[in-house]
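Asks: My structure is stored as coords_16.cif, with mmCIF, C-alpha atoms and all ligand atoms.
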data_structure
#
loop_
_atom_site.group_PDB
_atom_site.id
_atom_site.type_symbol
_atom_site.label_atom_id
_atom_site.label_comp_id
_atom_site.auth_asym_id
_atom_site.auth_seq_id
_atom_site.Cartn_x
_atom_site.Cartn_y
_atom_site.Cartn_z
ATOM 1 C CA MET I 1 149.292 -88.893 125.401
ATOM 2 C CA TYR I 2 151.285 -87.427 122.512
ATOM 3 C CA GLU I 3 148.203 -86.883 120.377
ATOM 4 C CA ASN I 4 146.309 -85.314 123.291
ATOM 5 C CA SER I 5 149.198 -82.972 124.026
ATOM 6 C CA LEU I 6 149.175 -81.806 120.418
ATOM 7 C CA ILE I 7 145.404 -81.345 120.486
ATOM 8 C CA ALA I 8 145.740 -79.243 123.651
ATOM 9 C CA MET I 9 148.502 -77.207 122.028
ATOM 10 C CA GLU I 10 146.314 -76.736 118.942
ATOM 11 C CA TYR I 11 143.488 -75.484 121.170
ATOM 12 C CA PHE I 12 145.823 -73.106 123.011
ATOM 13 C CA LEU I 13 147.392 -71.633 119.857
ATOM 14 C CA LYS I 14 143.920 -71.112 118.360
ATOM 15 C CA GLU I 15 142.742 -69.316 121.494
ATOM 16 C CA VAL I 16 145.708 -66.926 121.570
ATOM 17 C CA ASN I 17 145.661 -66.497 117.785
ATOM 18 C CA GLU I 18 149.154 -67.804 117.046
ATOM 19 C CA ILE I 19 148.430 -68.780 113.463
ATOM 20 C CA HIS I 20 151.839 -69.849 112.139
ATOM 21 C CA TRP I 21 152.418 -72.414 114.854
ATOM 22 C CA LEU I 22 148.776 -73.452 114.898
ATOM 23 C CA LYS I 23 149.172 -74.637 111.303
ATOM 24 C CA TRP I 24 152.425 -76.352 112.204
ATOM 25 C CA ILE I 25 150.794 -78.289 115.037
ATOM 26 C CA GLN I 26 147.836 -79.230 112.855
ATOM 27 C CA LYS I 27 150.288 -80.805 110.424
ATOM 28 C CA ASP I 28 151.919 -82.633 113.351
ATOM 29 C CA ILE I 29 148.542 -84.072 114.346
ATOM 30 C CA GLU I 30 147.857 -85.183 110.792
ATOM 31 C CA GLU I 31 151.282 -86.835 110.464
ATOM 32 C CA TRP I 32 150.799 -88.635 113.719
ATOM 33 C CA ILE I 33 147.347 -89.923 112.844
ATOM 34 C CA THR I 34 148.206 -90.982 109.305
ATOM 35 C CA GLU I 35 151.854 -92.079 109.619
ATOM 36 C CA ARG I 36 152.585 -92.408 113.335
ATOM 37 C CA SER I 37 155.427 -89.945 112.725
ATOM 38 C CA THR I 38 156.762 -87.304 115.136
ATOM 39 C CA VAL I 39 159.425 -86.018 112.748
ATOM 40 C CA HIS I 40 157.627 -82.852 111.744
ATOM 41 C CA HIS I 41 156.811 -81.937 115.324
ATOM 42 C CA LEU I 42 160.358 -82.534 116.593
ATOM 43 C CA SER I 43 161.713 -80.415 113.743
ATOM 44 C CA ALA I 44 159.896 -77.419 115.286
ATOM 45 C CA TYR I 45 162.396 -77.041 118.102
ATOM 46 C CA GLY I 46 165.692 -76.368 116.352
ATOM 47 C CA GLY I 47 167.340 -73.285 114.967
ATOM 48 C CA MET I 48 166.491 -69.613 114.740
ATOM 49 C CA GLY I 49 162.850 -68.644 114.871
ATOM 50 C CA SER I 50 161.934 -72.077 116.185
ATOM 51 C CA PHE I 51 159.037 -73.073 118.407
ATOM 52 C CA ASN I 52 161.373 -72.440 121.353
ATOM 53 C CA ASP I 53 161.643 -68.774 120.428
ATOM 54 C CA VAL I 54 157.897 -68.084 120.572
ATOM 55 C CA VAL I 55 156.789 -65.791 123.402
ATOM 56 C CA ILE I 56 153.050 -65.587 124.001
ATOM 57 C CA CYS I 57 152.196 -62.007 124.939
ATOM 58 C CA GLY I 58 150.014 -59.087 123.930
ATOM 59 C CA ALA I 59 153.020 -57.247 122.493
ATOM 60 C CA ASN I 60 153.371 -60.090 119.957
ATOM 61 C CA ASN I 61 149.740 -59.593 118.861
ATOM 62 C CA HIS I 62 148.486 -62.658 120.651
ATOM 63 C CA SER I 63 144.966 -62.422 122.010
ATOM 64 C CA ILE I 64 145.156 -63.168 125.690
ATOM 65 C CA PRO I 65 142.153 -63.248 128.047
ATOM 66 C CA GLU I 66 141.958 -60.300 130.395
ATOM 67 C CA GLY I 67 144.141 -60.763 133.461
ATOM 68 C CA ALA I 68 145.930 -63.786 132.014
ATOM 69 C CA GLU I 69 148.931 -61.983 130.531
ATOM 70 C CA ALA I 70 151.277 -63.437 133.148
ATOM 71 C CA TRP I 71 149.756 -66.909 132.692
ATOM 72 C CA ALA I 72 149.624 -67.429 128.934
ATOM 73 C CA ASP I 73 153.343 -67.835 128.291
ATOM 74 C CA VAL I 74 153.758 -70.092 131.314
ATOM 75 C CA ILE I 75 150.945 -72.348 130.059
ATOM 76 C CA PHE I 76 152.503 -72.349 126.601
ATOM 77 C CA ASN I 77 155.932 -73.319 127.884
ATOM 78 C CA TRP I 78 154.665 -76.209 129.968
ATOM 79 C CA LEU I 79 152.447 -77.447 127.132
ATOM 80 C CA LYS I 80 155.460 -77.297 124.867
ATOM 81 C CA ALA I 81 157.472 -79.297 127.409
ATOM 82 C CA LEU I 82 154.724 -81.948 127.369
ATOM 83 C CA CYS I 83 154.501 -82.116 123.574
ATOM 84 C CA TYR I 84 158.256 -82.456 123.284
ATOM 85 C CA PHE I 85 158.464 -85.064 126.012
ATOM 86 C CA PHE I 86 155.689 -87.219 124.546
ATOM 87 C CA ALA I 87 157.030 -86.821 120.999
ATOM 88 C CA LYS I 88 160.236 -88.557 122.024
ATOM 89 C CA ASN I 89 158.346 -91.618 123.301
ATOM 90 C CA PRO I 90 154.937 -91.330 121.692
ATOM 91 C CA GLU I 91 153.691 -94.852 122.392
ATOM 92 C CA ILE I 92 154.274 -94.840 126.155
ATOM 93 C CA GLU I 93 151.437 -94.224 128.624
ATOM 94 C CA TYR I 94 153.037 -92.410 131.524
ATOM 95 C CA SER I 95 151.779 -92.299 135.093
ATOM 96 C CA LEU I 96 151.445 -89.060 137.021
ATOM 97 C CA SER I 97 154.567 -89.841 139.030
ATOM 98 C CA ASP I 98 156.492 -90.540 135.809
ATOM 99 C CA LEU I 99 155.535 -87.106 134.551
ATOM 100 C CA LYS I 100 156.410 -85.400 137.816
ATOM 101 C CA GLU I 101 159.808 -87.062 137.909
ATOM 102 C CA GLN I 102 160.694 -86.894 134.279
ATOM 103 C CA ILE I 103 159.432 -83.445 133.329
ATOM 104 C CA GLY I 104 161.268 -81.873 136.178
ATOM 105 C CA TYR I 105 158.486 -81.416 138.654
ATOM 106 C CA HIS I 106 159.433 -81.893 142.278
ATOM 107 C CA ASP I 107 156.554 -82.686 144.525
ATOM 108 C CA ALA I 108 156.328 -80.053 147.179
ATOM 109 C CA SER I 109 153.673 -79.022 149.568
ATOM 110 C CA LEU I 110 151.337 -76.129 149.161
ATOM 111 C CA SER I 111 151.704 -75.693 152.870
ATOM 112 C CA ALA I 112 154.997 -73.895 152.282
ATOM 113 C CA PHE I 113 152.920 -71.096 150.904
ATOM 114 C CA VAL I 114 149.431 -71.247 152.355
ATOM 115 C CA ASN I 115 148.821 -72.303 155.950
ATOM 116 C CA GLY I 116 148.895 -76.065 155.529
ATOM 117 C CA GLU I 117 145.691 -76.801 157.355
ATOM 118 C CA ASN I 118 143.795 -74.229 155.292
ATOM 119 C CA ALA I 119 144.916 -75.586 151.963
ATOM 120 C CA PRO I 120 142.060 -77.390 150.243
ATOM 121 C CA ASP I 121 142.742 -81.002 149.370
ATOM 122 C CA GLU I 122 142.741 -80.441 145.637
ATOM 123 C CA MET I 123 145.615 -77.978 146.003
ATOM 124 C CA ARG I 124 147.815 -80.098 148.235
ATOM 125 C CA GLY I 125 151.075 -81.357 146.899
ATOM 126 C CA ILE I 126 150.915 -79.393 143.694
ATOM 127 C CA PHE I 127 152.815 -76.382 144.879
ATOM 128 C CA ASP I 128 156.398 -76.177 143.880
ATOM 129 C CA ASN I 129 158.926 -73.753 145.230
ATOM 130 C CA ARG I 130 161.463 -73.969 142.442
ATOM 131 C CA SER I 131 160.499 -70.760 140.714
ATOM 132 C CA PRO I 132 161.585 -67.540 142.361
ATOM 133 C CA ILE I 133 159.479 -64.409 142.489
ATOM 134 C CA GLN I 134 161.090 -61.520 140.685
ATOM 135 C CA GLY I 135 161.117 -57.813 141.469
ATOM 136 C CA TRP I 136 163.451 -54.859 141.994
ATOM 137 C CA ARG I 137 165.990 -54.166 144.692
ATOM 138 C CA CYS I 138 168.029 -51.141 145.626
ATOM 139 C CA LEU I 139 171.490 -52.548 146.312
ATOM 140 C CA ASN I 140 172.357 -49.412 148.245
ATOM 141 C CA CYS I 141 169.591 -49.198 150.843
ATOM 142 C CA GLY I 142 167.850 -52.575 150.480
ATOM 143 C CA TYR I 143 164.491 -51.131 149.339
ATOM 144 C CA ALA I 144 162.562 -53.910 147.583
ATOM 145 C CA GLU I 145 159.449 -54.158 145.442
ATOM 146 C CA VAL I 146 157.541 -56.620 143.278
ATOM 147 C CA CYS I 147 154.619 -55.995 140.921
ATOM 148 C CA ASP I 148 151.305 -57.790 140.441
ATOM 149 C CA SER I 149 152.431 -59.433 137.218
ATOM 150 C CA GLY I 150 155.494 -60.795 139.040
ATOM 151 C CA ILE I 151 153.188 -62.298 141.657
ATOM 152 C CA ASN I 152 150.880 -63.763 139.015
ATOM 153 C CA ARG I 153 153.765 -65.189 137.050
ATOM 154 C CA TYR I 154 155.183 -66.761 140.178
ATOM 155 C CA ILE I 155 151.868 -68.427 141.040
ATOM 156 C CA ALA I 156 151.397 -69.553 137.445
ATOM 157 C CA GLN I 157 154.904 -71.070 137.344
ATOM 158 C CA ASN I 158 154.120 -73.034 140.416
ATOM 159 C CA ILE I 159 150.660 -74.380 139.705
ATOM 160 C CA VAL I 160 150.454 -74.735 135.908
ATOM 161 C CA PRO I 161 152.705 -77.825 135.616
ATOM 162 C CA ALA I 162 150.810 -79.707 138.304
ATOM 163 C CA TYR I 163 147.462 -78.950 136.672
ATOM 164 C CA LEU I 164 148.737 -80.023 133.256
ATOM 165 C CA PHE I 165 150.331 -83.265 134.452
ATOM 166 C CA GLU I 166 147.162 -84.257 136.274
ATOM 167 C CA ALA I 167 145.176 -83.456 133.161
ATOM 168 C CA CYS I 168 147.427 -85.620 130.971
ATOM 169 C CA VAL I 169 146.777 -88.737 132.993
ATOM 170 C CA SER I 170 143.066 -88.037 133.465
ATOM 171 C CA ASN I 171 142.628 -87.246 129.783
ATOM 172 C CA ARG I 172 141.192 -83.755 130.126
ATOM 173 C CA LEU I 173 144.034 -81.612 128.911
ATOM 174 C CA VAL I 174 142.024 -79.272 126.676
ATOM 175 C CA SER I 175 139.509 -78.365 129.374
ATOM 176 C CA THR I 176 142.347 -77.839 131.847
ATOM 177 C CA VAL I 177 144.203 -75.539 129.457
ATOM 178 C CA ARG I 178 140.964 -73.617 128.940
ATOM 179 C CA GLY I 179 140.465 -73.317 132.708
ATOM 180 C CA LEU I 180 144.009 -72.044 133.257
ATOM 181 C CA LEU I 181 143.940 -69.595 130.351
ATOM 182 C CA TYR I 182 140.630 -68.104 131.499
ATOM 183 C CA LEU I 183 141.768 -68.107 135.140
ATOM 184 C CA ASN I 184 139.016 -70.460 136.171
ATOM 185 C CA ILE I 185 141.259 -71.720 138.954
ATOM 186 C CA SER I 186 139.878 -72.746 142.296
ATOM 187 C CA ASN I 187 141.543 -70.938 145.127
ATOM 188 C CA LEU I 188 143.378 -68.400 142.944
ATOM 189 C CA ASP I 189 142.261 -65.372 144.971
ATOM 190 C CA HIS I 190 143.394 -67.137 148.094
ATOM 191 C CA LEU I 191 146.812 -67.917 146.600
ATOM 192 C CA ILE I 192 147.266 -64.316 145.499
ATOM 193 C CA SER I 193 146.229 -62.844 148.845
ATOM 194 C CA ASN I 194 148.510 -65.250 150.710
ATOM 195 C CA ALA I 195 151.424 -64.384 148.454
ATOM 196 C CA LYS I 196 150.770 -60.690 148.981
ATOM 197 C CA GLN I 197 150.629 -61.127 152.714
ATOM 198 C CA SER I 198 153.973 -62.967 152.718
ATOM 199 C CA ILE I 199 155.522 -60.280 150.526
ATOM 200 C CA ASP I 200 154.224 -57.574 152.816
ATOM 201 C CA GLU I 201 155.442 -59.349 155.942
ATOM 202 C CA SER I 202 158.871 -59.742 154.350
ATOM 203 C CA GLY I 203 159.189 -55.965 154.033
ATOM 204 C CA ILE I 204 158.766 -55.890 150.260
ATOM 205 C CA LEU I 205 156.452 -53.338 148.632
ATOM 206 C CA ILE I 206 153.915 -54.296 145.966
ATOM 207 C CA ARG I 207 154.027 -51.645 143.291
ATOM 208 C CA ASN I 208 153.356 -51.721 139.557
ATOM 209 C CA ARG I 209 155.744 -49.924 137.251
ATOM 210 C CA GLU I 210 156.360 -50.004 133.512
ATOM 211 C CA GLU I 211 159.878 -48.628 133.615
ATOM 212 C CA TRP I 212 163.005 -49.748 135.412
ATOM 213 C CA MET I 213 163.232 -48.965 139.100
ATOM 214 C CA ARG I 214 166.098 -46.525 138.779
ATOM 215 C CA PRO I 215 166.769 -44.388 140.753
ATOM 216 C CA CYS I 216 165.639 -45.999 143.989
ATOM 217 C CA PRO I 217 162.398 -44.357 145.182
ATOM 218 C CA SER I 218 163.612 -44.598 148.762
ATOM 219 C CA CYS I 219 167.232 -43.320 148.758
ATOM 220 C CA GLY I 220 167.728 -42.041 145.191
ATOM 221 C CA SER I 221 170.671 -44.344 144.418
ATOM 222 C CA ASN I 222 171.052 -45.625 140.857
ATOM 223 C CA ASN I 223 172.481 -48.876 142.151
ATOM 224 C CA THR I 224 169.297 -50.926 141.569
ATOM 225 C CA ALA I 225 168.875 -54.376 140.086
ATOM 226 C CA ILE I 226 166.365 -57.037 139.164
ATOM 227 C CA TYR I 227 166.149 -59.282 142.202
ATOM 228 C CA ARG I 228 164.747 -62.721 143.017
ATOM 229 C CA TRP I 229 163.335 -64.186 146.185
ATOM 230 C CA ARG I 230 162.164 -67.645 147.165
ATOM 231 C CA PHE I 231 159.552 -68.608 149.677
ATOM 232 C CA SER I 232 160.858 -70.158 152.848
ATOM 233 C CA GLY I 233 157.895 -70.992 155.028
ATOM 234 C CA LYS I 234 155.749 -67.889 154.844
ATOM 235 C CA ARG I 235 158.682 -65.556 154.323
ATOM 236 C CA LEU I 236 160.595 -64.545 151.253
ATOM 237 C CA VAL I 237 164.343 -64.936 151.319
ATOM 238 C CA ALA I 238 166.808 -63.538 148.810
ATOM 239 C CA ASP I 239 167.927 -66.006 146.169
ATOM 240 C CA LYS I 240 171.631 -66.846 146.262
ATOM 241 C CA ASP I 241 172.173 -65.753 142.672
ATOM 242 C CA ASN I 242 171.347 -62.092 143.300
ATOM 243 C CA LEU I 243 173.900 -59.302 143.186
ATOM 244 C CA PRO I 244 175.046 -58.537 146.728
ATOM 245 C CA LEU I 245 173.707 -55.573 148.680
ATOM 246 C CA GLU I 246 176.237 -52.902 149.587
ATOM 247 C CA SER I 247 175.303 -53.466 153.207
ATOM 248 C CA LYS I 248 173.208 -56.312 154.577
ATOM 249 C CA LYS I 249 169.665 -55.070 155.065
ATOM 250 C CA GLY I 250 166.167 -56.470 154.853
ATOM 251 C CA PRO I 251 164.985 -59.717 153.202
HETATM 252 ZN ZN ZN I 301 167.690 -47.191 147.891
#
As a first step, turn the structure in this file into structure tokens.
Ligand SMILES: [Zn+2]

Replies:
Amino acid sequence: MYENSLIAMEYFLKEVNEIHWLKWIQKDIEEWITERSTVHHLSAYGGMGSFNDVVICGANNHSIPEGAEAWADVIFNWLKALCYFFAKNPEIEYSLSDLKEQIGYHDASLSAFVNGENAPDEMRGIFDNRSPIQGWRCLNCGYAEVCDSGINRYIAQNIVPAYLFEACVSNRLVSTVRGLLYLNISNLDHLISNAKQSIDESGILIRNREEWMRPCPSCGSNNTAIYRWRFSGKRLVADKDNLPLESKKGP
């Protein structure tokens, strides 16, 4: 599993053109094959400018398939979590439930998000509601918005780990990474349209902006903030960690 996770990481870094770390991972693979050593790989994670500091995005000159900007860094981070996990116990063959439990994945139902009975079998049980969806909120009047990349990132956060864990145990990690990176994901349109419907029904606007949402486009107040919601059934509810609204309004 360790070697396969490195091979998948090598594939990913080659695809996005992250050359420095591609060479690093290739050395890790060589050390593992020739010496059964994980020392070089585990040394990637410490200190300034480490593997943990890498952000996969177009602004960092990575080549990312069209439409996958919100997905690439999520895929990278979960792949990295796998490589690190396997490097610590490289001889163990884990089961899917081991991975779900030990890499922090809580089994949750897709039905929290899509109408349960409409969810195709292959998508059941792989949806996880840990990650919030992020957008902007006016703390004065309660006006709320999220953008398409926030929606995509949210969906990616919730389905990428399940896809990768499944792929680890069924020994098809590279093809799964390829499928995720090129958005060859069954049911993706359905997931996006369901998310958008829930957002809409929760009174939150979907609007794309480059700049900060300040002032508020509704009331003109400068008291705006980044805001997070979580799905509860088909509705979005404000995360507890948000700054409080001046008066209690909306979702
Ligand atoms: Zn406002």

Asks: Using only C-alpha atoms and all ligand atoms, which protein or nucleic acid residues are at most 6 Å from ligand ZN 301 (chain I), as a count of residues only?

Replies: 10

Asks: Can you tell me which residues surround segment 55-66 of chain I at a distance of at most 9 Å, considering only C-alpha atoms, apart from same-chain residues fewer than 2 positions away, and format the answer as a ChimeraX atom specification?

Replies: /I:15-18,52-53,68-70,72-74,76-77,181-183

Asks: Residues picked by the PyMOL selection byres (((chain I and resi 209-213) around 10) and not hetatm) here, as a ChimeraX atom specification?

Replies: /I:135-138,144-148,206-208,214-217,222-226

Asks: Apply the PyMOL selection byres (((chain I and resi 235) around 8) and not hetatm) to the file shown and report the selected residues as a list of chain:residue names.

Replies: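 What the PyMOL selection byres (((chain I and resi 235) around 8) and not hetatm) grabs from the file is I:Ser198, I:Ile199, I:Glu201, I:Ser202, I:Phe231, I:Ser232, I:Gly233, I:Lys234, I:Leu236, I:Val237.
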
Asks: Filtering to C-alpha atoms, could you give me those residues as a short mmCIF file (atom, residue, chain, number, x, y, z; two decimals), keeping the file's coordinate frame?

Replies:
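Written out: result.cif:
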data_model
loop_
_atom_site.label_atom_id
_atom_site.label_comp_id
_atom_site.auth_asym_id
_atom_site.auth_seq_id
_atom_site.Cartn_x
_atom_site.Cartn_y
_atom_site.Cartn_z
CA SER I 198 153.97 -62.97 152.72
CA ILE I 199 155.52 -60.28 150.53
CA GLU I 201 155.44 -59.35 155.94
CA SER I 202 158.87 -59.74 154.35
CA PHE I 231 159.55 -68.61 149.68
CA SER I 232 160.86 -70.16 152.85
CA GLY I 233 157.90 -70.99 155.03
CA LYS I 234 155.75 -67.89 154.84
CA LEU I 236 160.60 -64.54 151.25
CA VAL I 237 164.34 -64.94 151.32
#

Asks: Separation of atom CA of Trp21 of chain I and atom CA of Asp98 of chain I, in Å?

Replies: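 It comes out at 28.0 Å.
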
Asks: Out of I:Ile151, I:Ala44, I:Ile29, I:Leu173, which residue has the shortest atom-to-atom distance to Leu191 of chain I when counting all atoms listed in the file?

Replies: I:Ile151

Asks: Point out the residue among I:Leu205, I:Leu6, I:Ile155, I:Ile92 with the least atom-to-atom distance to Glu31 of chain I, counting all atoms listed in the file.

Replies: I:Leu6

Asks: Got a sec to resolve the PyMOL selection byres (((chain I and resi 131) around 10) and not hetatm) on this structure and send the residues as a list in words?

Replies: Asp128, Asn129, Arg130, Pro132, Ile133, Gln134, Arg153, Tyr154, Ile155, Ala156, Gln157, Asn158, Arg228, Trp229, Arg230 and Phe231 of chain I

Asks: In Å, rounded to a single decimal, give me how far atom CA of Leu245 of chain I is from atom CA of Leu139 of chain I.

Replies: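 Atom-to-atom, atom CA of Leu139 of chain I to atom CA of Leu245 of chain I, that is 4.4 Å.
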
Asks: If the box runs along x, y and z of the file and leaves 4 Å on each side of segment 66-73 of chain I, what are its centre and edge lengths in Å, one decimal, as AutoDock Vina command-line options?

Replies:
--center_x 147.7 --center_y -64.1 --center_z 130.9 --size_x 19.4 --size_y 15.5 --size_z 13.2

Asks: Hey, can you check how far atom CA of Leu82 of chain I sits from atom CA of Ser5 of chain I?

Replies: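 Atom-to-atom, atom CA of Leu82 of chain I and atom CA of Ser5 of chain I are spaced 6.5 Å apart.
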
Asks: Just checking: using only C-alpha atoms, which residue out of I:Ser97, I:Asn4, I:Asn171, I:Thr34 ends up closest to Cys83 of chain I?

Replies: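 Once distances to Cys83 of chain I are computed over only C-alpha atoms, the minimum belongs to I:Asn4.
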
Asks: Hey, which of I:His190, I:Arg178, I:Lys88, I:Lys196 ends up closest to Tyr11 of chain I? Count all atoms listed in the file.

Replies: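 The shortest atom-to-atom distance to Tyr11 of chain I comes from I:Arg178.
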
Asks: Would you list the contacts of Tyr45 of chain I as number ranges by chain, taking every protein, DNA or RNA residue within 12 Å and counting all atoms listed in the file, but skipping same-chain residues closer than 5 positions in sequence?

Replies: I: 21, 24, 39-40, 50-54, 80-81, 83-85, 87

Asks: I need the residues from that last selection saved to file as a short mmCIF file (atom, residue, chain, number, x, y, z; two decimals), in the frame of the given file (with C-alpha atoms), if you can.

Replies:
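Contents of result_33.cif, as written:
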data_model
loop_
_atom_site.label_atom_id
_atom_site.label_comp_id
_atom_site.auth_asym_id
_atom_site.auth_seq_id
_atom_site.Cartn_x
_atom_site.Cartn_y
_atom_site.Cartn_z
CA TRP I 21 152.42 -72.41 114.85
CA TRP I 24 152.43 -76.35 112.20
CA VAL I 39 159.43 -86.02 112.75
CA HIS I 40 157.63 -82.85 111.74
CA SER I 50 161.93 -72.08 116.18
CA PHE I 51 159.04 -73.07 118.41
CA ASN I 52 161.37 -72.44 121.35
CA ASP I 53 161.64 -68.77 120.43
CA VAL I 54 157.90 -68.08 120.57
CA LYS I 80 155.46 -77.30 124.87
CA ALA I 81 157.47 -79.30 127.41
CA CYS I 83 154.50 -82.12 123.57
CA TYR I 84 158.26 -82.46 123.28
CA PHE I 85 158.46 -85.06 126.01
CA ALA I 87 157.03 -86.82 121.00
#

Asks: With all atoms listed in the file as the basis for distance, which of I:Tyr227, I:Trp71, I:Leu188, I:Ser170 is at the shortest distance from Asn242 of chain I?

Replies: I:Tyr227

Asks: Please rebuild segment 58-78 of chain I with N, CA and C atoms and give the result as a CSV table (one decimal), in the frame of the given file.

Replies:
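Result written to selection.csv:
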chain,number,residue,atom,x,y,z
I,58,GLY,N,150.8,-60.1,124.7
I,58,GLY,CA,150.0,-59.1,123.9
I,58,GLY,C,150.9,-58.3,123.0
I,59,ALA,N,152.1,-58.0,123.4
I,59,ALA,CA,153.0,-57.2,122.5
I,59,ALA,C,153.3,-58.0,121.2
I,60,ASN,N,153.2,-59.3,121.2
I,60,ASN,CA,153.4,-60.1,120.0
I,60,ASN,C,152.1,-60.3,119.2
I,61,ASN,N,151.1,-59.5,119.5
I,61,ASN,CA,149.7,-59.6,118.9
I,61,ASN,C,149.0,-60.9,119.1
I,62,HIS,N,149.3,-61.5,120.2
I,62,HIS,CA,148.5,-62.7,120.7
I,62,HIS,C,147.3,-62.1,121.4
I,63,SER,N,146.2,-62.8,121.3
I,63,SER,CA,145.0,-62.4,122.0
I,63,SER,C,144.9,-63.2,123.3
I,64,ILE,N,145.1,-62.5,124.4
I,64,ILE,CA,145.2,-63.2,125.7
I,64,ILE,C,144.0,-62.7,126.6
I,65,PRO,N,143.3,-63.6,127.2
I,65,PRO,CA,142.2,-63.2,128.0
I,65,PRO,C,142.6,-62.2,129.1
I,66,GLU,N,141.7,-61.4,129.4
I,66,GLU,CA,142.0,-60.3,130.4
I,66,GLU,C,142.5,-60.9,131.7
I,67,GLY,N,143.6,-60.3,132.2
I,67,GLY,CA,144.1,-60.8,133.5
I,67,GLY,C,145.1,-62.0,133.4
I,68,ALA,N,145.1,-62.6,132.2
I,68,ALA,CA,145.9,-63.8,132.0
I,68,ALA,C,147.3,-63.5,131.3
I,69,GLU,N,147.7,-62.3,131.2
I,69,GLU,CA,148.9,-62.0,130.5
I,69,GLU,C,150.1,-62.7,131.2
I,70,ALA,N,150.2,-62.8,132.5
I,70,ALA,CA,151.3,-63.4,133.1
I,70,ALA,C,151.2,-65.0,133.1
I,71,TRP,N,150.0,-65.5,132.7
I,71,TRP,CA,149.8,-66.9,132.7
I,71,TRP,C,150.0,-67.5,131.3
I,72,ALA,N,149.7,-66.8,130.3
I,72,ALA,CA,149.6,-67.4,128.9
I,72,ALA,C,151.0,-68.0,128.5
I,73,ASP,N,152.1,-67.3,128.7
I,73,ASP,CA,153.3,-67.8,128.3
I,73,ASP,C,153.8,-69.0,129.2
I,74,VAL,N,153.4,-69.0,130.4
I,74,VAL,CA,153.8,-70.1,131.3
I,74,VAL,C,153.0,-71.3,130.9
I,75,ILE,N,151.7,-71.2,130.6
I,75,ILE,CA,150.9,-72.3,130.1
I,75,ILE,C,151.6,-72.9,128.8
I,76,PHE,N,151.9,-72.0,127.9
I,76,PHE,CA,152.5,-72.3,126.6
I,76,PHE,C,153.8,-73.1,126.8
I,77,ASN,N,154.6,-72.7,127.7
I,77,ASN,CA,155.9,-73.3,127.9
I,77,ASN,C,155.8,-74.7,128.5
I,78,TRP,N,154.9,-74.9,129.4
I,78,TRP,CA,154.7,-76.2,130.0
I,78,TRP,C,154.0,-77.1,129.0
